[in-house]
>>> print(open('run06.pdb').read())   # PDB, C-alpha atoms
MODEL        1
ATOM      1  CA  MET C  15      14.192  38.631  36.468  1.00  0.00           C
ATOM      2  CA  ASN C  16      11.753  40.599  38.613  1.00  0.00           C
ATOM      3  CA  ASP C  17       8.609  38.808  37.570  1.00  0.00           C
ATOM      4  CA  LYS C  18       7.642  35.440  38.907  1.00  0.00           C
ATOM      5  CA  ILE C  19       7.546  32.570  36.465  1.00  0.00           C
ATOM      6  CA  THR C  20       4.849  29.984  36.989  1.00  0.00           C
ATOM      7  CA  MET C  21       4.364  26.495  35.575  1.00  0.00           C
ATOM      8  CA  HIS C  22       1.292  24.347  35.950  1.00  0.00           C
ATOM      9  CA  TYR C  23       1.025  20.574  35.460  1.00  0.00           C
ATOM     10  CA  GLN C  24      -1.760  18.042  35.591  1.00  0.00           C
ATOM     11  CA  VAL C  25      -0.513  14.671  36.823  1.00  0.00           C
ATOM     12  CA  PRO C  26      -2.607  11.878  35.283  1.00  0.00           C
ATOM     13  CA  ALA C  27      -4.144   9.187  37.471  1.00  0.00           C
ATOM     14  CA  ASP C  28      -2.850   5.619  37.600  1.00  0.00           C
ATOM     15  CA  ASP C  29      -0.436   6.040  34.718  1.00  0.00           C
ATOM     16  CA  PHE C  30       2.879   5.052  36.206  1.00  0.00           C
ATOM     17  CA  THR C  31       4.679   5.202  32.874  1.00  0.00           C
ATOM     18  CA  ARG C  32       3.987   8.929  32.624  1.00  0.00           C
ATOM     19  CA  ALA C  33       4.992   9.725  36.202  1.00  0.00           C
ATOM     20  CA  GLY C  34       7.955  12.060  36.079  1.00  0.00           C
ATOM     21  CA  GLU C  35       7.028  13.934  32.929  1.00  0.00           C
ATOM     22  CA  ALA C  36       6.191  17.101  34.850  1.00  0.00           C
ATOM     23  CA  SER C  37       9.441  16.964  36.832  1.00  0.00           C
ATOM     24  CA  SER C  38      11.357  16.336  33.632  1.00  0.00           C
ATOM     25  CA  SER C  39       9.745  19.388  32.020  1.00  0.00           C
ATOM     26  CA  VAL C  40      10.529  21.603  35.028  1.00  0.00           C
ATOM     27  CA  LYS C  41      14.117  20.382  35.021  1.00  0.00           C
ATOM     28  CA  SER C  42      14.549  21.368  31.358  1.00  0.00           C
ATOM     29  CA  LYS C  43      12.927  24.766  31.888  1.00  0.00           C
ATOM     30  CA  LEU C  44      15.071  25.609  34.934  1.00  0.00           C
ATOM     31  CA  LYS C  45      18.125  24.657  32.926  1.00  0.00           C
ATOM     32  CA  MET C  46      17.096  27.034  30.151  1.00  0.00           C
ATOM     33  CA  MET C  47      16.557  29.761  32.746  1.00  0.00           C
ATOM     34  CA  GLY C  48      20.152  29.350  33.858  1.00  0.00           C
ATOM     35  CA  VAL C  49      19.447  28.043  37.365  1.00  0.00           C
ATOM     36  CA  LYS C  50      22.501  26.396  38.965  1.00  0.00           C
ATOM     37  CA  PRO C  51      22.732  22.612  38.374  1.00  0.00           C
ATOM     38  CA  GLU C  52      22.808  21.712  42.088  1.00  0.00           C
ATOM     39  CA  ILE C  53      19.625  23.732  42.682  1.00  0.00           C
ATOM     40  CA  ILE C  54      17.961  22.124  39.666  1.00  0.00           C
ATOM     41  CA  ARG C  55      18.815  18.663  40.969  1.00  0.00           C
ATOM     42  CA  LYS C  56      17.289  19.400  44.380  1.00  0.00           C
ATOM     43  CA  VAL C  57      14.083  20.691  42.802  1.00  0.00           C
ATOM     44  CA  ALA C  58      13.908  17.841  40.285  1.00  0.00           C
ATOM     45  CA  ILE C  59      14.374  15.082  42.879  1.00  0.00           C
ATOM     46  CA  ALA C  60      11.952  16.556  45.416  1.00  0.00           C
ATOM     47  CA  MET C  61       9.305  17.188  42.777  1.00  0.00           C
ATOM     48  CA  TYR C  62       9.782  13.770  41.180  1.00  0.00           C
ATOM     49  CA  GLU C  63       9.283  12.032  44.529  1.00  0.00           C
ATOM     50  CA  GLY C  64       6.138  14.092  45.039  1.00  0.00           C
ATOM     51  CA  GLU C  65       4.877  13.329  41.569  1.00  0.00           C
ATOM     52  CA  ILE C  66       5.450   9.599  42.066  1.00  0.00           C
ATOM     53  CA  ASN C  67       3.593   9.778  45.397  1.00  0.00           C
ATOM     54  CA  MET C  68       0.619  11.405  43.671  1.00  0.00           C
ATOM     55  CA  VAL C  69       0.401   8.621  41.130  1.00  0.00           C
ATOM     56  CA  ILE C  70       0.841   5.847  43.709  1.00  0.00           C
ATOM     57  CA  HIS C  71      -1.414   7.135  46.464  1.00  0.00           C
ATOM     58  CA  ALA C  72      -3.748   9.807  45.166  1.00  0.00           C
ATOM     59  CA  SER C  73      -4.860   9.171  41.570  1.00  0.00           C
ATOM     60  CA  GLY C  74      -2.860  12.110  40.294  1.00  0.00           C
ATOM     61  CA  GLY C  75      -3.333  15.805  40.982  1.00  0.00           C
ATOM     62  CA  THR C  76      -1.848  19.145  40.055  1.00  0.00           C
ATOM     63  CA  ILE C  77       1.592  20.660  40.475  1.00  0.00           C
ATOM     64  CA  ASP C  78       2.344  24.375  40.427  1.00  0.00           C
ATOM     65  CA  VAL C  79       5.902  25.610  40.306  1.00  0.00           C
ATOM     66  CA  THR C  80       6.761  29.261  40.919  1.00  0.00           C
ATOM     67  CA  VAL C  81      10.206  30.684  40.351  1.00  0.00           C
ATOM     68  CA  SER C  82      10.938  34.038  41.989  1.00  0.00           C
ATOM     69  CA  GLN C  83      14.222  35.812  42.554  1.00  0.00           C
ATOM     70  CA  GLU C  84      14.562  34.320  46.024  1.00  0.00           C
ATOM     71  CA  GLU C  85      13.202  30.807  45.742  1.00  0.00           C
ATOM     72  CA  ILE C  86      11.524  28.046  43.799  1.00  0.00           C
ATOM     73  CA  THR C  87       8.186  26.928  45.241  1.00  0.00           C
ATOM     74  CA  ILE C  88       6.571  23.608  44.311  1.00  0.00           C
ATOM     75  CA  VAL C  89       2.962  22.985  45.344  1.00  0.00           C
ATOM     76  CA  LEU C  90       1.591  19.466  44.838  1.00  0.00           C
ATOM     77  CA  LYS C  91      -2.130  19.191  45.356  1.00  0.00           C
ATOM     78  CA  ASP C  92      -4.245  16.039  45.256  1.00  0.00           C
ATOM     79  CA  GLN C  93      -7.704  14.857  46.204  1.00  0.00           C
ATOM     80  CA  GLY C  94      -6.428  11.521  47.456  1.00  0.00           C
ATOM     81  CA  PRO C  95      -7.114   9.674  50.721  1.00  0.00           C
ATOM     82  CA  GLY C  96      -4.906  11.957  52.829  1.00  0.00           C
ATOM     83  CA  ILE C  97      -2.047  10.984  55.158  1.00  0.00           C
ATOM     84  CA  GLU C  98      -3.151   9.404  58.423  1.00  0.00           C
ATOM     85  CA  ASP C  99      -0.003  10.003  60.462  1.00  0.00           C
ATOM     86  CA  ILE C 100       2.397  12.537  58.961  1.00  0.00           C
ATOM     87  CA  ASP C 101       5.185  11.868  61.501  1.00  0.00           C
ATOM     88  CA  GLN C 102       5.067   8.191  60.621  1.00  0.00           C
ATOM     89  CA  ALA C 103       5.045   8.978  56.887  1.00  0.00           C
ATOM     90  CA  MET C 104       8.143  11.130  57.355  1.00  0.00           C
ATOM     91  CA  ARG C 105      10.120   8.226  58.861  1.00  0.00           C
ATOM     92  CA  ALA C 106      12.694   6.748  56.485  1.00  0.00           C
ATOM     93  CA  GLY C 107      11.613   3.254  55.528  1.00  0.00           C
ATOM     94  CA  PHE C 108       7.927   3.634  56.353  1.00  0.00           C
ATOM     95  CA  SER C 109       5.717   2.930  53.358  1.00  0.00           C
ATOM     96  CA  THR C 110       2.140   2.027  52.573  1.00  0.00           C
ATOM     97  CA  ALA C 111       2.822   1.458  48.868  1.00  0.00           C
ATOM     98  CA  PRO C 112       1.394  -1.807  47.509  1.00  0.00           C
ATOM     99  CA  ASP C 113       3.600  -4.664  46.255  1.00  0.00           C
ATOM    100  CA  ASN C 114       3.027  -3.878  42.578  1.00  0.00           C
ATOM    101  CA  ILE C 115       4.589  -0.438  43.171  1.00  0.00           C
ATOM    102  CA  ARG C 116       7.568  -1.992  44.982  1.00  0.00           C
ATOM    103  CA  ALA C 117       8.119  -4.192  41.954  1.00  0.00           C
ATOM    104  CA  LEU C 118       8.490  -0.988  39.947  1.00  0.00           C
ATOM    105  CA  GLY C 119      11.286   0.277  42.202  1.00  0.00           C
ATOM    106  CA  PHE C 120       9.340   2.555  44.554  1.00  0.00           C
ATOM    107  CA  GLY C 121       7.763   2.208  47.975  1.00  0.00           C
ATOM    108  CA  ALA C 122      11.060   2.071  49.900  1.00  0.00           C
ATOM    109  CA  GLY C 123       9.678   4.626  52.325  1.00  0.00           C
ATOM    110  CA  MET C 124      12.143   7.267  51.194  1.00  0.00           C
ATOM    111  CA  GLY C 125       9.829   9.610  49.287  1.00  0.00           C
ATOM    112  CA  LEU C 126       8.952  12.149  51.980  1.00  0.00           C
ATOM    113  CA  PRO C 127      12.367  11.914  53.709  1.00  0.00           C
ATOM    114  CA  ASN C 128      13.998  12.647  50.348  1.00  0.00           C
ATOM    115  CA  MET C 129      11.661  15.575  49.749  1.00  0.00           C
ATOM    116  CA  LYS C 130      12.669  16.993  53.147  1.00  0.00           C
ATOM    117  CA  LYS C 131      16.334  16.323  52.507  1.00  0.00           C
ATOM    118  CA  TYR C 132      16.473  18.221  49.223  1.00  0.00           C
ATOM    119  CA  THR C 133      14.330  21.245  50.103  1.00  0.00           C
ATOM    120  CA  ASP C 134      14.686  24.185  52.503  1.00  0.00           C
ATOM    121  CA  GLU C 135      11.059  24.026  53.547  1.00  0.00           C
ATOM    122  CA  LEU C 136       8.459  21.250  53.425  1.00  0.00           C
ATOM    123  CA  ILE C 137       4.890  21.782  54.564  1.00  0.00           C
ATOM    124  CA  ILE C 138       2.358  18.960  54.438  1.00  0.00           C
ATOM    125  CA  ASP C 139      -1.292  19.848  54.795  1.00  0.00           C
ATOM    126  CA  SER C 140      -3.416  16.731  54.740  1.00  0.00           C
ATOM    127  CA  GLU C 141      -6.989  15.867  55.569  1.00  0.00           C
ATOM    128  CA  ILE C 142      -8.296  12.309  55.621  1.00  0.00           C
ATOM    129  CA  GLY C 143     -10.719  11.717  52.787  1.00  0.00           C
ATOM    130  CA  LYS C 144     -10.111  15.175  51.311  1.00  0.00           C
ATOM    131  CA  GLY C 145      -6.582  15.203  50.011  1.00  0.00           C
ATOM    132  CA  THR C 146      -3.071  16.440  50.561  1.00  0.00           C
ATOM    133  CA  THR C 147      -1.220  19.606  49.660  1.00  0.00           C
ATOM    134  CA  VAL C 148       2.541  19.511  49.843  1.00  0.00           C
ATOM    135  CA  THR C 149       4.457  22.788  49.600  1.00  0.00           C
ATOM    136  CA  MET C 150       8.201  22.712  49.086  1.00  0.00           C
ATOM    137  CA  LYS C 151      10.640  25.589  48.808  1.00  0.00           C
ATOM    138  CA  VAL C 152      14.190  25.639  47.558  1.00  0.00           C
ATOM    139  CA  LYS C 153      16.064  28.874  48.177  1.00  0.00           C
ATOM    140  CA  LEU C 154      18.049  30.431  45.367  1.00  0.00           C
ATOM    141  CA  PRO C 155      21.533  31.767  46.077  1.00  0.00           C
ATOM    142  CA  THR C 156      21.505  35.569  46.290  1.00  0.00           C
ATOM    143  CA  ASP C 157      24.676  36.248  44.274  1.00  0.00           C
TER     144      ASP C 157
ATOM    145  CA  MET H   9      36.704   5.545  34.065  1.00  0.00           C
ATOM    146  CA  THR H  10      34.670   6.208  30.923  1.00  0.00           C
ATOM    147  CA  ILE H  11      31.361   4.785  29.716  1.00  0.00           C
ATOM    148  CA  LYS H  12      33.314   2.833  27.111  1.00  0.00           C
ATOM    149  CA  ASP H  13      35.559   1.337  29.822  1.00  0.00           C
ATOM    150  CA  ILE H  14      32.478   0.181  31.733  1.00  0.00           C
ATOM    151  CA  LYS H  15      31.070  -1.492  28.642  1.00  0.00           C
ATOM    152  CA  GLU H  16      34.362  -3.308  28.074  1.00  0.00           C
ATOM    153  CA  ILE H  17      34.926  -4.351  31.698  1.00  0.00           C
ATOM    154  CA  LEU H  18      31.418  -5.827  31.860  1.00  0.00           C
ATOM    155  CA  GLY H  19      31.561  -7.343  28.379  1.00  0.00           C
ATOM    156  CA  GLY H  20      28.314  -5.472  27.837  1.00  0.00           C
ATOM    157  CA  LYS H  21      26.492  -4.015  24.900  1.00  0.00           C
ATOM    158  CA  LEU H  22      26.110  -0.244  24.524  1.00  0.00           C
ATOM    159  CA  ILE H  23      22.509   0.350  23.485  1.00  0.00           C
ATOM    160  CA  VAL H  24      22.505   4.146  23.717  1.00  0.00           C
ATOM    161  CA  GLY H  25      25.452   6.537  23.899  1.00  0.00           C
ATOM    162  CA  GLU H  26      28.067   5.525  21.330  1.00  0.00           C
ATOM    163  CA  GLU H  27      28.534   9.239  20.523  1.00  0.00           C
ATOM    164  CA  TRP H  28      29.372  10.210  24.090  1.00  0.00           C
ATOM    165  CA  SER H  29      31.023   7.005  25.324  1.00  0.00           C
ATOM    166  CA  ASP H  30      34.183   8.957  26.250  1.00  0.00           C
ATOM    167  CA  ARG H  31      32.349  10.707  29.086  1.00  0.00           C
ATOM    168  CA  GLU H  32      33.849  10.223  32.537  1.00  0.00           C
ATOM    169  CA  VAL H  33      32.080   8.380  35.335  1.00  0.00           C
ATOM    170  CA  HIS H  34      33.210   9.227  38.886  1.00  0.00           C
ATOM    171  CA  THR H  35      31.131   7.011  41.180  1.00  0.00           C
ATOM    172  CA  ALA H  36      28.750   4.067  41.022  1.00  0.00           C
ATOM    173  CA  CYS H  37      25.578   2.890  42.701  1.00  0.00           C
ATOM    174  CA  GLY H  38      23.845  -0.488  42.501  1.00  0.00           C
ATOM    175  CA  ALA H  39      20.148  -0.474  43.393  1.00  0.00           C
ATOM    176  CA  ASP H  40      16.736  -1.764  42.435  1.00  0.00           C
ATOM    177  CA  MET H  41      14.854   0.690  44.623  1.00  0.00           C
ATOM    178  CA  MET H  42      14.743   4.023  42.838  1.00  0.00           C
ATOM    179  CA  SER H  43      14.113   6.032  46.022  1.00  0.00           C
ATOM    180  CA  ASP H  44      17.408   4.712  47.401  1.00  0.00           C
ATOM    181  CA  VAL H  45      19.078   5.995  44.266  1.00  0.00           C
ATOM    182  CA  LEU H  46      17.365   9.359  44.749  1.00  0.00           C
ATOM    183  CA  ALA H  47      18.579   9.500  48.341  1.00  0.00           C
ATOM    184  CA  PHE H  48      22.238   8.638  48.045  1.00  0.00           C
ATOM    185  CA  MET H  49      23.517   8.999  44.534  1.00  0.00           C
ATOM    186  CA  LYS H  50      26.406  11.288  43.716  1.00  0.00           C
ATOM    187  CA  ASP H  51      27.142  13.419  40.701  1.00  0.00           C
ATOM    188  CA  GLN H  52      28.265  11.914  37.372  1.00  0.00           C
ATOM    189  CA  SER H  53      27.515   8.394  38.422  1.00  0.00           C
ATOM    190  CA  VAL H  54      26.777   5.101  36.770  1.00  0.00           C
ATOM    191  CA  LEU H  55      23.680   3.315  38.038  1.00  0.00           C
ATOM    192  CA  LEU H  56      23.647  -0.499  37.993  1.00  0.00           C
ATOM    193  CA  THR H  57      20.182  -1.981  38.294  1.00  0.00           C
ATOM    194  CA  GLY H  58      18.123  -5.093  37.725  1.00  0.00           C
ATOM    195  CA  LEU H  59      15.010  -2.967  37.335  1.00  0.00           C
ATOM    196  CA  CYS H  60      14.015  -2.261  33.766  1.00  0.00           C
ATOM    197  CA  ASN H  61      11.240   0.311  33.320  1.00  0.00           C
ATOM    198  CA  LEU H  62      10.821   3.940  32.318  1.00  0.00           C
ATOM    199  CA  GLN H  63      11.144   5.148  35.915  1.00  0.00           C
ATOM    200  CA  VAL H  64      14.768   3.980  35.942  1.00  0.00           C
ATOM    201  CA  ILE H  65      15.483   6.405  33.099  1.00  0.00           C
ATOM    202  CA  ARG H  66      13.466   9.167  34.821  1.00  0.00           C
ATOM    203  CA  THR H  67      15.309   8.624  38.111  1.00  0.00           C
ATOM    204  CA  ALA H  68      18.634   8.759  36.285  1.00  0.00           C
ATOM    205  CA  GLU H  69      17.533  11.940  34.579  1.00  0.00           C
ATOM    206  CA  MET H  70      16.700  13.682  37.869  1.00  0.00           C
ATOM    207  CA  MET H  71      20.068  12.644  39.349  1.00  0.00           C
ATOM    208  CA  ASP H  72      22.145  13.594  36.290  1.00  0.00           C
ATOM    209  CA  VAL H  73      23.310   9.997  36.001  1.00  0.00           C
ATOM    210  CA  VAL H  74      25.524   9.598  32.934  1.00  0.00           C
ATOM    211  CA  CYS H  75      25.127   5.867  32.356  1.00  0.00           C
ATOM    212  CA  ILE H  76      22.754   3.043  33.353  1.00  0.00           C
ATOM    213  CA  VAL H  77      23.886  -0.586  33.355  1.00  0.00           C
ATOM    214  CA  PHE H  78      21.109  -3.189  33.199  1.00  0.00           C
ATOM    215  CA  VAL H  79      22.316  -6.413  34.808  1.00  0.00           C
ATOM    216  CA  ARG H  80      21.174 -10.005  34.173  1.00  0.00           C
ATOM    217  CA  GLY H  81      20.728  -9.307  30.464  1.00  0.00           C
ATOM    218  CA  LYS H  82      17.743  -6.981  30.892  1.00  0.00           C
ATOM    219  CA  MET H  83      16.864  -5.061  27.738  1.00  0.00           C
ATOM    220  CA  PRO H  84      15.256  -1.597  27.789  1.00  0.00           C
ATOM    221  CA  ASP H  85      12.227  -1.096  25.541  1.00  0.00           C
ATOM    222  CA  GLU H  86      11.841   1.456  22.731  1.00  0.00           C
ATOM    223  CA  THR H  87      10.310   4.179  24.940  1.00  0.00           C
ATOM    224  CA  MET H  88      13.141   3.862  27.453  1.00  0.00           C
ATOM    225  CA  ILE H  89      15.715   4.028  24.666  1.00  0.00           C
ATOM    226  CA  GLN H  90      14.031   7.107  23.217  1.00  0.00           C
ATOM    227  CA  VAL H  91      13.924   9.010  26.523  1.00  0.00           C
ATOM    228  CA  ALA H  92      17.535   8.028  27.295  1.00  0.00           C
ATOM    229  CA  LYS H  93      18.648   9.378  23.903  1.00  0.00           C
ATOM    230  CA  GLU H  94      16.828  12.671  24.456  1.00  0.00           C
ATOM    231  CA  ARG H  95      18.396  13.095  27.887  1.00  0.00           C
ATOM    232  CA  GLU H  96      21.817  11.828  26.789  1.00  0.00           C
ATOM    233  CA  ILE H  97      21.967   8.958  29.262  1.00  0.00           C
ATOM    234  CA  ALA H  98      24.050   6.004  28.046  1.00  0.00           C
ATOM    235  CA  LEU H  99      22.461   2.541  28.350  1.00  0.00           C
ATOM    236  CA  ILE H 100      24.480  -0.660  28.688  1.00  0.00           C
ATOM    237  CA  THR H 101      23.196  -4.191  29.113  1.00  0.00           C
ATOM    238  CA  THR H 102      25.318  -6.993  30.571  1.00  0.00           C
ATOM    239  CA  GLY H 103      24.677 -10.644  31.268  1.00  0.00           C
ATOM    240  CA  HIS H 104      26.432 -10.425  34.645  1.00  0.00           C
ATOM    241  CA  ARG H 105      24.457 -10.414  37.871  1.00  0.00           C
ATOM    242  CA  MET H 106      24.387  -7.340  40.097  1.00  0.00           C
ATOM    243  CA  PHE H 107      27.012  -8.523  42.609  1.00  0.00           C
ATOM    244  CA  SER H 108      29.458  -9.591  39.920  1.00  0.00           C
ATOM    245  CA  ALA H 109      28.978  -6.481  37.795  1.00  0.00           C
ATOM    246  CA  CYS H 110      29.551  -4.188  40.798  1.00  0.00           C
ATOM    247  CA  GLY H 111      32.595  -6.222  41.836  1.00  0.00           C
ATOM    248  CA  MET H 112      34.151  -6.062  38.392  1.00  0.00           C
ATOM    249  CA  LEU H 113      33.887  -2.265  38.281  1.00  0.00           C
ATOM    250  CA  TYR H 114      35.133  -1.940  41.876  1.00  0.00           C
ATOM    251  CA  GLU H 115      38.143  -4.078  41.049  1.00  0.00           C
ATOM    252  CA  LYS H 116      39.036  -1.627  38.290  1.00  0.00           C
ATOM    253  CA  GLY H 117      38.973   1.298  40.683  1.00  0.00           C
ATOM    254  CA  LEU H 118      35.409   2.612  40.539  1.00  0.00           C
ATOM    255  CA  ARG H 119      33.986   3.475  43.970  1.00  0.00           C
ATOM    256  CA  GLY H 120      30.613   4.228  45.531  1.00  0.00           C
ATOM    257  CA  GLY H 121      29.699   7.413  47.376  1.00  0.00           C
ATOM    258  CA  ALA H 122      30.524   8.180  50.996  1.00  0.00           C
ATOM    259  CA  THR H 123      29.362   5.861  53.775  1.00  0.00           C
ATOM    260  CA  TYR H 124      25.863   6.653  54.984  1.00  0.00           C
ATOM    261  CA  LYS H 125      25.836   8.002  58.514  1.00  0.00           C
TER     262      LYS H 125
ENDMDL
END
>>> encode(input="run06.pdb", output="structure tokens")
Amino acid sequence: MNDKITMHYQVPADDFTRAGEASSSVKSKLKMMGVKPEIIRKVAIAMYEGEINMVIHASGGTIDVTVSQEEITIVLKDQGPGIEDIDQAMRAGFSTAPDNIRALGFGAGMGLPNMKKYTDELIIDSEIGKGTTVTMKVKLPTD
Amino acid sequence: MTIKDIKEILGGKLIVGEEWSDREVHTACGADMMSDVLAFMKDQSVLLTGLCNLQVIRTAEMMDVVCIVFVRGKMPDETMIQVAKEREIALITTGHRMFSACGMLYEKGLRGGATYK
């Protein structure tokens, strides 16, 4: 597998019922590609948290997943309000999600901490009023 | 403990998963916040929850959860049932409340994951 494999997803705005479809699709594809289950789970959880965040905070966006020999890269891009204080957003338990989202089982303030926990690299590039780009990398075992 | 055992211990109804009810469950987690599930859940687990929407099924899918138990008699809708079937996640509904349902499974030897440090 020398070539990179890329996947592109459009995450619809304000449709909470469809949140997770992109992550679900990536999970199935990685499984078909023979990626190890523990790696797939890391990618699926981190991407799912990111996808949920996009729906809750940013009216959707796009997700690009690239699989190379060395790593899996997930880039989540939105044109949402941006993150005011990234350090604060990274703190477990901190959340700005509205009550209706909490009633759906999210907004515990674990999204970004979980994304950090399950990936080898997490870069958040955010500008107020412009949007946020989150880049996550999960390294693939070399054997 | 198998999915079938869980159904019997909780006097529940198996909505999805009759065909694979012999599958083993190693650990359990009771939660209504899906991000907590995503943070701490272990492999081959059963998830007990009072939350009943499609994101519960999606969360279970990402975590490779083998069985979801809906407490307090919650019933999943058709879409949830469909996605659970596709992903081979068993669905059980029980009239017991969360605390009781967790306690009944614990009493029969099922345990949670490691203590959070």
>>> resolve_selection(input="run06.pdb", expression="the ChimeraX specification (/C :<10) & /H", output="ChimeraX atom specification")
/H:39-48,51,57-67,69-72,87,95
>>> resolve_selection(input="run06.pdb", expression="the PyMOL selection byres ((chain H and resi 76) around 7)", output="list in words")
Val54, Leu55, Leu56, Cys75, Val77, Phe78, Ala98, Leu99 and Ile100 of chain H
>>> atom_distance(input="run06.pdb", atom1="atom CA of C:Leu90", atom2="atom CA of C:Lys50")
22.8 Å
>>> atom_distance(input="run06.pdb", atom1="atom CA of C:Ile70", atom2="atom CA of C:Val40")
20.4 Å
>>> residues_near_point(input="run06.pdb", point="(26.3, -3.5, 26.9)", cutoff="8 Å", atoms="all atoms listed in the file", output="list of chain:residue names")
H:Lys15, H:Leu18, H:Gly19, H:Gly20, H:Lys21, H:Leu22, H:Ile23, H:Val77, H:Leu99, H:Ile100, H:Thr101, H:Thr102
>>> residues_around(input="run06.pdb", residues="H:Gly103", least_positions_apart="6", cutoff="8 Å", atoms="all atoms listed in the file", output="PyMOL selection string")
chain H and resi 20+79-82
>>> resolve_selection(input="run06.pdb", expression="the PyMOL selection byres ((chain C and resi 138-153) around 6)", output="PDB file with C-alpha atoms, in the coordinates of the input")
ATOM      1  CA  GLU C  85      13.202  30.807  45.742  1.00  0.00           C
ATOM      2  CA  ILE C  86      11.524  28.046  43.799  1.00  0.00           C
ATOM      3  CA  THR C  87       8.186  26.928  45.241  1.00  0.00           C
ATOM      4  CA  ILE C  88       6.571  23.608  44.311  1.00  0.00           C
ATOM      5  CA  VAL C  89       2.962  22.985  45.344  1.00  0.00           C
ATOM      6  CA  LEU C  90       1.591  19.466  44.838  1.00  0.00           C
ATOM      7  CA  LYS C  91      -2.130  19.191  45.356  1.00  0.00           C
ATOM      8  CA  ASP C  92      -4.245  16.039  45.256  1.00  0.00           C
ATOM      9  CA  GLN C  93      -7.704  14.857  46.204  1.00  0.00           C
ATOM     10  CA  GLY C  94      -6.428  11.521  47.456  1.00  0.00           C
ATOM     11  CA  PRO C  95      -7.114   9.674  50.721  1.00  0.00           C
ATOM     12  CA  GLY C  96      -4.906  11.957  52.829  1.00  0.00           C
ATOM     13  CA  ILE C  97      -2.047  10.984  55.158  1.00  0.00           C
ATOM     14  CA  THR C 133      14.330  21.245  50.103  1.00  0.00           C
ATOM     15  CA  ASP C 134      14.686  24.185  52.503  1.00  0.00           C
ATOM     16  CA  GLU C 135      11.059  24.026  53.547  1.00  0.00           C
ATOM     17  CA  LEU C 136       8.459  21.250  53.425  1.00  0.00           C
ATOM     18  CA  ILE C 137       4.890  21.782  54.564  1.00  0.00           C
ATOM     19  CA  LEU C 154      18.049  30.431  45.367  1.00  0.00           C
TER      20      LEU C 154
END
>>> residues_around(input="run06.pdb", residues="stretch 117-122 of chain H", least_positions_apart="5", cutoff="6 Å", atoms="only C-alpha atoms", output="PDB file with C-alpha atoms, in the frame of the given file")
ATOM      1  CA  THR H  35      31.131   7.011  41.180  1.00  0.00           C
ATOM      2  CA  ALA H  36      28.750   4.067  41.022  1.00  0.00           C
ATOM      3  CA  CYS H  37      25.578   2.890  42.701  1.00  0.00           C
TER       4      CYS H  37
END
>>> atom_distance(input="run06.pdb", atom1="atom CA of C:Ala27", atom2="atom CA of C:Val69")
5.9 Å
